[in-house]
There are 2 protein chains.
Amino acid sequence: MAEAHFLESFFNPRSVAIVGLSRKAVGAPVSVLSTLMDYGYAGKVVLVNPNLPPWDGVQVFPDIAAIDCPIDLVVVSLPRRAVPAALRQCAAKRFLNVIVITQGFADADEVGRRLQAEITAIKDQAGIRILGPNTIGTANAFAPFTTSFFEMQAEKTPSGLIAQSGLFLMGHYGIGNVSAGYGMAVDIGNGCDAGLVDALEFYERQEVIRVVQCHLESVENGRAFMEAAARVSRKKPVIVLKAGRSEAGQSAAASHSGAAAGEAQLYAAAFAKAGIVTAHSAEEMRMLSKAFCSLPLPQGKRVAVFSFSGGGAVLAIDALEDEGLELAELSPSTLEKIQAYFPDWMAAHNPLDVWMAVTAGDFHSIYPELLDLALQDSNVNAVLAIYASLSLPKHQAFDVSRHLPALASKHPRKPILGWSYGLDVQGMTKRLERDGNLMVFPSLEDAARTLRKMHDYARHTAQAARPVLVPRPVDHAKARTVLEKAQQEQRRHLFAEAFAVLEAYGFRTAPWMVAADRRQLQKQAPALGYPVAAKMMSQDVIHKSDVGGVRLGIANAKELLSCFDRMAERAAGQGTKLDGLFVQEMVTGGQEIILGAKNDPVFGPALVLGAGGLYTELLDDFAFAIAPIDEAEAAAMIDNLRFAKVLKGTRGQPACDLDAIEDMAMRLSQLICDFPEIAELDVNPVLAQADGAVAVDARIMLGEWANFQPS
Amino acid sequence: MAEAHFLESFFNPRSVAIVGLSRKAVGAPVSVLSTLMDYGYAGKVVLVNPNLPPWDGVQVFPDIAAIDCPIDLVVVSLPRRAVPAALRQCAAKRFLNVIVITQGFADADEVGRRLQAEITAIKDQAGIRILGPNTIGTANAFAPFTTSFFEMQAEKTPSGLIAQSGLFLMGHYGIGNVSAGYGMAVDIGNGCDAGLVDALEFYERQEVIRVVQCHLESVENGRAFMEAAARVSRKKPVIVLKAGRSEAGQSAAASHSGAAAGEAQLYAAAFAKAGIVTAHSAEEMRMLSKAFCSLPLPQGKRVAVFSFSGGGAVLAIDALEDEGLELAELSPSTLEKIQAYFPDWMAAHNPLDVWMAVTAGDFHSIYPELLDLALQDSNVNAVLAIYASLSLPKHQAFDVSRHLPALASKHPRKPILGWSYGLDVQGMTKRLERDGNLMVFPSLEDAARTLRKMHDYARHTAQAARPVLVPRPVDHAKARTVLEKAQQEQRRHLFAEAFAVLEAYGFRTAPWMVAADRRQLQKQAPALGYPVAAKMMSQDVIHKSDVGGVRLGIANAKELLSCFDRMAERAAGQGTKLDGLFVQEMVTGGQEIILGAKNDPVFGPALVLGAGGLYTELLDDFAFAIAPIDEAEAAAMIDNLRFAKVLKGTRGQPACDLDAIEDMAMRLSQLICDFPEIAELDVNPVLAQADGAVAVDARIMLGEWANFQPS
């Protein structure tokens with residue numbers, strides 16, 4: 001058997017010491033101790049408080065040092081200034097698992113940040129593992145055990161929750177249905193030690209946990225999170241609610257530069273790559289978790305709508321189409337059998353408006369017979385059942401809850417999603433969901449969106465894991481030489497060298513040359529293919545066009561030389577050093593695109609592809625990906641652009657060479673992965689032509705030396 | 001006092017005859033009769049059935065003719081073939097108000113359509129008013145009276161429902177909260193007589209109805225609906241759920257032609273113009289109705305978030321920003337007062353994370369004090385309160401329902417929106433909403449979207465009604481002459497004449513001429529400004545470019561004449577009649593836009609403005625409006641385009657003359673309103689230049705003669 005995960009002691013300790021409960025809190029109805037007792041914890045509990053007499057049979061020690069028995073887990077809710085001393089006492093006693101509930105650390109002010117650094121140092125030295133600070137801790141209905149001060153319900157729902165806020169633990173109670181809520185939960189809090197990845201790996205090992213739901217506000221090591229999530233999501237769905245979209249809104253403006261990927265887009269790209277199921281709200285996370293716990297994965301996107309109401313069926317079609325799901329086309333033999341139940345004047349077809357049929361005779365035999373026919377049809381992957389709410393006992397004449405759970409068991413590969421307009425009064429939903437094998441949704445839109453996300457997840461897991469990427473043959477050594485020289489010379493903004501690096505990685509570039517001085521230019525100018533563009537080279541100037549350092553459409557060698565003279569003159573006048581002139585043949589034809597890469601502090605190497613030129617601003621059309629990417633991912637980046645319409649040829653314009661764009665994206669992916677010292681790399685524009693793609697302009701920004709990761 | 005609305009007898013009859021209840025249905029728990037009795041109806045009820053003995057004290061007649069008392073309303077649920085005879089009996093007795101519940105008319109097959117025509121003829125002749133067929137009828141909690149066969153709850157909620165499906169009446173029960181559901185409802189069914197507009201006008205007069213909610217699948221006379229809704233929505237909000245979006249999806253492709261407005265877009269444009277509040281789902285319609293019943297209209301979009309949880313506050317900000325709402329900036333004096341309750345290390349700011357503050361002392365004094373401070377701040381227009389669900393009696397220590405309704409009364413102009421994560425177990429929501437002056441939402445996203453829609457409605461009603469539009473001076477007679485001549489000649493596709501009509505309405509066009517034959521061309525050709533474009537004119541050919549009938553970039557008179565010769569030759573070879581050559585100077589420069597108009601069968605004169613040229617397909621960027629439009633509406637059409645970025649000047653391109661585009665849109669609006677015989681009119685492209693806008697190509701399609709409406 002594998003070694004137990006260190007979080008095991010945080011979820012399932014045999015003994016607990018609660019440190020810092022005040023005299024008032026001990027007796028309070030809402031406290032760590034009373035919740036733990038009410039939750040049914042059967043292990044040993046001791047309290048630590050110098051001012052407390054023995055309380056209700058629980059042993060009390062004046063301090064941690066005085067504890068005379070082994071303790072699996074210490075739960076600390078002392079004032080923040082007292083926490084370091086408590087941790088030192090834990091270290092002395094070799095109590096190595098500690099939850100720090102106390103707020104006011106890195107979540108608060110400078111004093112708090114220093115205190116958090118202090119406890120981090122103590123734990124590192126002593127080998128203590130900490131959950132928190134600023135956490136509600138854990139809950140585990142299977143133990144049962146919890147450190148929450150707010151009431152918990154010990155429902156053994158096969159879903160494990162990870163949250164960066166106590167909110168999701170506080171809201172647990174009341175989700176009484178077996179498939180709702182979660183059976184285990186952890187609040188990561190400030191995460192000075194145990195973090196998202198640890199929690200993911202813990203749930204990965206728990207056989208009782210079939211679904212993971214994760215609320216996160218930020219990730220420190222995005223790459224490690226992605227890798228863990230990608231691995232876990234092949235075994236069980238990982239649902240993520242990313243909070244704090246609004247920050248991303250602010251950085252959206254910056255995303256117009258290819259390399260400056262907005263945070264929200266990188267998160268989305270990382271989630272997609274890892275096969276994560278994304279939730280847009282707290283409620284959707286809970287709903288998705290419940291759906292994955294209750295419903296089988298759909299084998300396709302064809303849905304039969306089985307409705308008491310024609311009006312409801314129309315609303316259902318809207319909802320299905322909004323999500324790209326399809327109305328199943330029932331087979332002729334199914335339709336023939338169903339038609340026998342329908343009035344003559346009403347043609348049976350999907351959506352099935354069954355009210356007349358099911359009330360024409362014995363409801364309790366016709367309803368299940370008809371629905372069974374629909375479920376038997378191999379063209380049907382899922383059923384959306386629209387029925388009437390049961391509001392009075394006399395409505396039992398139309399009680400579908402007598403039939404739906406049985407039909408769900410009979411067809412275990414076909415999800416049944418229920419909806420009725422209006423609220424649930426008589427426990428109808430609970431009766432329908434009693435066997436945990438179907439689910440009632442608060443709206444048709446929720447049902448359709450959930451089914452679509454389950455379908456997407458099913459498709460993701462059905463794909464074979466991607467094979468290890470075979471790198472393209474490139475001249476890595478040449479690129480390294482160029483970059484190392486720039487580093488030695490402490491230059492961060494590379495321009496001509498960017499072309500050299502791209503060429504080493506197999507990019508086609510517009511022909512270019514660098515003339516260090518007038519004599520060199522004079523010698524080389526006649527051999528150029530005109531028109532050319534010229535750009536001044538100067539380490540003093542980043543934005544060349546602002547100082548007149550760019551000239552396009554130079555028609556011949558004479559113009560080129562006089563351009564050099566003017567720039568030299570201007571540079572001299574401004575006191576900037578002219579390092580030379582960059583001259584490049586002007587390429588025309590094709591569509592402008594932007595290709596960019598960056599080494600993101602959270603996610604590492606990442607890529608962006610976008611519409612170029614005038615379209616950049618107009619379309620705001622970018623596709624993001626986490627590197628490395630394979631052919632399929634490169635193709636998906638193109639497909640994710642609205643601009644793909646143009647690239648694929650439209651209104652008489654020829655199609656661009658998509659293979660060349662994909663190849664360039666993959667080479668860029670390889671480059672940014674090979675050189676973490678590249679902070680940002682822009683190839684803007686690339687001209688995508690009918691035959692190939694040409695890098696017309698490029699720029700590399702090297703990172704701060706201190707930030708280098710080993711490559 | 002105004003004459004009573006004819007629907008009064010359908011909502012509040014003094015006496016009712018129920019015709020067609022079978023022996024079995026009379027005694028059934030779910031039937032029109034038992035529902036009516038359970039609902040508490042106090043008027044007179046008689047039954048009509050030849051096979052029924054007197055039943056439970058209710059008088060029974062063998063047929064309608066035998067009824068010996070006055071009857072306000074007859075409710076018919078006979079088999080469909082028996083309905084015409086019953087209506088004739090009603091006519092004979094002068095029972096002039098009839099609800100036909102029976103299905104299987106125009107909703108079904110050809111037989112049903114004929115039967116519906118038959119009953120429509122009977123009612124017209126006899127002066128009978130009909131609701132239905134295929135309807136559940138009405139419900140009126142204020143009477144109380146209902147014809148629904150499914151149980152109804154007689155809650156006097158000040159909301160009136162109009163539906164085109166029984167679904168919304170069936171789902172009523174169980175919305176026990178006073179502010180949910182509706183107090184009156186009508187199912188329009190097939191609407192052979194009483195329709196949406198009648199129902200709107202009925203609710204307009206009802207003082208007890210403060211909100212109207214309307215489910216619709218289609219409108220027959222969109223213009224009448226718009227006008228009624230616009231008038232009513234100035235007095236009370238009209239919330240509309242449009243079902244059947246999916247049809248619109250199919251017609252979306254057609255919207256690439258300027259004049260072929262997609263149905264969904266026209267509905268949306270009509271709703272916007274009428275000040276209608278739109279709902280996207282059945283649940284949203286109910287939620288909006290409840291919100292308008294319970295909450296005051298916000299005076300602005302600045303929201304204070306008052307939260308037990310920091311994590312919840314982050315989610316709230318996401319939700320607010322998604323809807324374009326703002327976090328209120330609390331005034332320094334408010335912040336100073338609030339800070340006094342906060343721990344030192346925690347700076348008070350909006351969002352207010354109040355858990356530490358409200359639990360540091362006496363919760364039940366601190367919580368209301370703090371929230372009152374936030375509500376007093378004049379920078380705050382609304383409060384989003386995030387609290388913990390009450391799941392156990394002991395949680396009453398944190399029971400915010402003791403305070404929120406009182407604070408809502410104290411601040412009657414500031415909506416309070418509540419949310420807690422998790423389900424409502426202990427009736428918390430009901431307690432919070434007990435005074436009907438605040439509202440708990442199922443999600444933060446729902447709360448934010450609802451508040452934004454209330455804010456938009458408040459802004460709409462705050463605007464003065466638009467003044468009557470002063471028409472621009474145009475040469476109406478000239479346009480009429482051109483169009484009448486075409487009609488006399490039975491020509492429907494107008495091309496050169498379209499230019500003449502546009503010029504009569506003050507459009508600037510690219511200079512053009514028509515040469516009927518070679519001699520005329522030869523005479524006029526030298527005077528043209530080259531290059532020119534030439535197009536063959538032939539009533540036999542609609543798509544000129546398909547048959548080589550278009551030639552661009554003709555450089556001089558000689559080329560023009562040889563172009564004419566080639567077209568004449570080709571036409572002769574194809575056996576098509578060449579009516580002449582249309583020659584037009586080629587205008588260049590500026591941005592291509594599309595301007596279109598149509599006389600829509602549902603909404604009448606309507607307009608579309610879109611990005612032109614390559615952008616048409618790429619951006620799929622159109623703005624729709626119902627004519628006539630004023631300056632503000634024309635400006636809004638431009639602003640609704642993503643292409644507005646380009647029109648306003650971007651990346652060094654000059655701005656286009658927006659005034660000229662607006663002027664052109666308003667002239668087109670005037671034209672399409674003046675001539676209902678124009679089915680469609682495309683001006684594509686218009687070149688929007690820095691100084692003015694030029695119609696470069698145009699086309700008019702005249703409608704079917706039979707479809708003419710009087711102008």
# chains A, B, ... in the order shown; residues from 1 in each chain; ligands from 1

call {"tool": "interface_residues", "arguments": {"of": "chain B", "to": "chain A", "cutoff": "8 Å", "atoms": "only C-alpha atoms", "output": "ChimeraX atom specification"}}
result
/B:29-30,104,108-109,112,151,164-168,170-175,243-246,281-283,309-312,314-315,317-318,321,345-346,388-389,391-392,394-395,420-425,443-445,614,618-619,642-643,645-646,651

call {"tool": "residues_around", "arguments": {"residues": "segment 117-134 of chain A", "least_positions_apart": "5", "cutoff": "6 Å", "atoms": "only C-alpha atoms", "output": "VMD selection string"}}
result
chain A and resid 84 91 96 to 103 189 to 191 193 to 194

call {"tool": "select_by_dssp", "arguments": {"residues": "segment 472-597 of chain A", "states": "alpha helix (DSSP H)", "output": "ChimeraX atom specification"}}
result
/A:476-488,496-504,518-524,557-574

call {"tool": "residues_around", "arguments": {"residues": "Asp697 of chain B", "least_positions_apart": "6", "cutoff": "9 Å", "atoms": "only C-alpha atoms", "output": "number ranges by chain"}}
result
B: 495, 498-499, 509-510, 682-686

call {"tool": "residues_around", "arguments": {"residues": "segment 455-467 of chain A", "least_positions_apart": "3", "cutoff": "9 Å", "atoms": "only C-alpha atoms", "output": "list of chain:residue names"}}
result
A:Ser233, A:Arg234, A:Lys235, A:Pro237, A:Gly275, A:Ile276, A:Val277, A:Leu297, A:Pro298, A:Gln299, A:Gly300, A:Lys301, A:Thr450, A:Leu451, A:Arg452, A:Val470, A:Asp630

call {"tool": "residues_around", "arguments": {"residues": "Phe363 of chain B", "least_positions_apart": "3", "cutoff": "12 Å", "atoms": "only C-alpha atoms", "output": "list of chain:residue names"}}
result
B:Phe308, B:Tyr341, B:Val354, B:Trp355, B:Met356, B:Ala357, B:Val358, B:Thr359, B:Ala360, B:Ile366, B:Tyr367, B:Pro368, B:Glu369, B:Leu370, B:Leu371, B:His395, B:Gln396, B:Ala397, B:Phe398, B:Asp399, B:Val400, B:Arg402, B:His403

call {"tool": "write_last_selection", "arguments": {"atoms": "C-alpha atoms", "output": "CSV table (one decimal), in the first residue's frame"}}
result
chain,number,residue,atom,x,y,z
B,308,PHE,CA,-20.1,37.6,6.1
B,341,TYR,CA,-16.0,48.4,14.5
B,354,VAL,CA,-18.0,42.3,8.2
B,355,TRP,CA,-17.8,38.9,9.9
B,356,MET,CA,-15.0,39.9,12.3
B,357,ALA,CA,-16.8,43.2,13.1
B,358,VAL,CA,-20.3,41.8,13.7
B,359,THR,CA,-19.1,38.9,15.8
B,360,ALA,CA,-16.7,40.9,18.0
B,366,ILE,CA,-23.6,45.7,15.6
B,367,TYR,CA,-25.1,44.2,12.4
B,368,PRO,CA,-27.9,46.7,12.0
B,369,GLU,CA,-25.7,49.6,13.0
B,370,LEU,CA,-23.1,48.8,10.4
B,371,LEU,CA,-25.6,48.1,7.6
B,395,HIS,CA,-27.6,29.9,14.5
B,396,GLN,CA,-30.1,32.5,15.6
B,397,ALA,CA,-27.2,34.1,17.2
B,398,PHE,CA,-26.4,35.4,13.6
B,399,ASP,CA,-30.0,35.7,12.3
B,400,VAL,CA,-29.9,38.7,9.9
B,402,ARG,CA,-34.2,40.1,12.5
B,403,HIS,CA,-32.7,43.3,10.9

call {"tool": "residues_around", "arguments": {"residues": "Asp600 of chain A", "least_positions_apart": "3", "cutoff": "9 Å", "atoms": "only C-alpha atoms", "output": "ChimeraX atom specification"}}
result
/A:261,266,603-606,679-680

call {"tool": "select_by_dssp", "arguments": {"residues": "segment 13-77 of chain A", "states": "strand (DSSP E)", "output": "NGL selection string"}}
result
:A and (15-19 or 44-48 or 59-61 or 73-76)
